[in-house]
Amino acid sequence: MKRMKRATFTAAALLSCTLAFSGCSLISQVVQPDQGQTGEQSNADGQDQNGQDQNGQDQGDENGQEPSADQNGQDQAGEQDSSSDQSASNSSSSSTSSADGSTGSDSGSSSGSQGQISIGESFEDPEMQDKIEVLSAVRNFESSKRASSIELGGEVVLLEVKITPGKKYSGLIQSGAFKISEDGGADFRYDQTDGLEAEMRAAGFEPFEDVSRRDGGTHQGWLAYVPNEKQDTYTIRYERGAGKVMGTDEKVPEFTTTFDIPAG
């Protein structure tokens, strides 16, 4: 009986040692790969660090081989020379353009010298009893607004009129009643005062405004014309159309008269 217990104890002890040894062996097998991997990682890091050091050295060498100050100085000098040449070229072009007058905006100068001339015409509308005086005209009015028309051979003409409306009837005396002809009276055109009012005022010529007969008084102002072709003289036609008195059968016949703007 004692032998059996002893044998059992001995077997148990051996088994325990075997398991203990096996467990240590298993733990060792698990740990060793980690240690091996860590060693490899350390070696790899060391190689990477060496590689970085080597790259740093290589980059330092390459940076040391960048263009020298002399080369940069040559590049900058080349750029400065190019800029100087370009500036000189632009300056030369500007001087040439200014000399021959091929550039720049329209100056608005007329094809002749601006001048005011006296006309001294007067007439009266017998039906409406309107009294109209044609005082003077300005030939070759300088206008930047109509510079292109002037350059193409036209002219800006101003006409000064003075009107004392009659009291018999009402209504308006409008700028459209004064039309200009540049072909001896074959064709008449309306004035173009509206587009030149600012320039006229700036030059001291107050534009004409429509006159109401009810206002009475005397009204004076300037009309502007832009003939396509400059002529020695122009014909002006004043025309008041026919009408009818409201509330009656009375008819008012038209009234027309002409006069000339002489050469400047």
# chains A, B, ... in the order shown; residues from 1 in each chain; ligands from 1
>>> closest_atom_pairs(of="segment 137-256 of chain A", to="segment 112-115 of chain A", cutoff="6 Å", atoms="only C-alpha atoms", output="CSV")
residue,atom,partner,partner_atom,distance
A:Val138,CA,A:Gly115,CA,5.6
A:Arg139,CA,A:Gly115,CA,5.5
A:Asn140,CA,A:Gln114,CA,4.6
A:Phe141,CA,A:Gln114,CA,5.3
>>> residues_around(residues="segment 213-218 of chain A", least_positions_apart="3", cutoff="8 Å", atoms="only C-alpha atoms", output="ChimeraX atom specification")
/A:162-167,169-173
>>> atom_distance(atom1="atom CA of Phe188 of chain A", atom2="atom CA of Phe205 of chain A")
23.5 Å
>>> residues_around(residues="Leu223 of chain A", least_positions_apart="5", cutoff="8 Å", atoms="only C-alpha atoms", output="PyMOL selection string")
chain A and resi 158-161+175+191-193+207-208
>>> closest_residue(among="A:Leu152, A:Val226, A:Ile180, A:Val211", to="Asp194 of chain A", atoms="only C-alpha atoms")
A:Val226
>>> residues_around(residues="Arg237 of chain A", least_positions_apart="4", cutoff="9 Å", atoms="only C-alpha atoms", output="PyMOL selection string")
chain A and resi 177-181+185+188+256-260
>>> select_by_dssp(residues="segment 154-205 of chain A", states="alpha helix (DSSP H)", output="number ranges by chain")
A: 197-202
>>> select_by_dssp(residues="segment 78-254 of chain A", states="strand (DSSP E or B)", output="MDAnalysis selection string")
chainID A and resid 115:124 131:139 157:164 172:173 178:181 189 207 211:212 219:225 234:240 243:244 251:252
>>> atom_distance(atom1="atom CA of Ala242 of chain A", atom2="atom CA of Gly221 of chain A")
25.0 Å
>>> closest_residue(among="A:Tyr225, A:Glu133, A:Gly204, A:Ala198", to="Ile150 of chain A", atoms="only C-alpha atoms")
A:Tyr225
>>> atom_distance(atom1="atom CA of Gly184 of chain A", atom2="atom CA of Pro126 of chain A")
25.9 Å
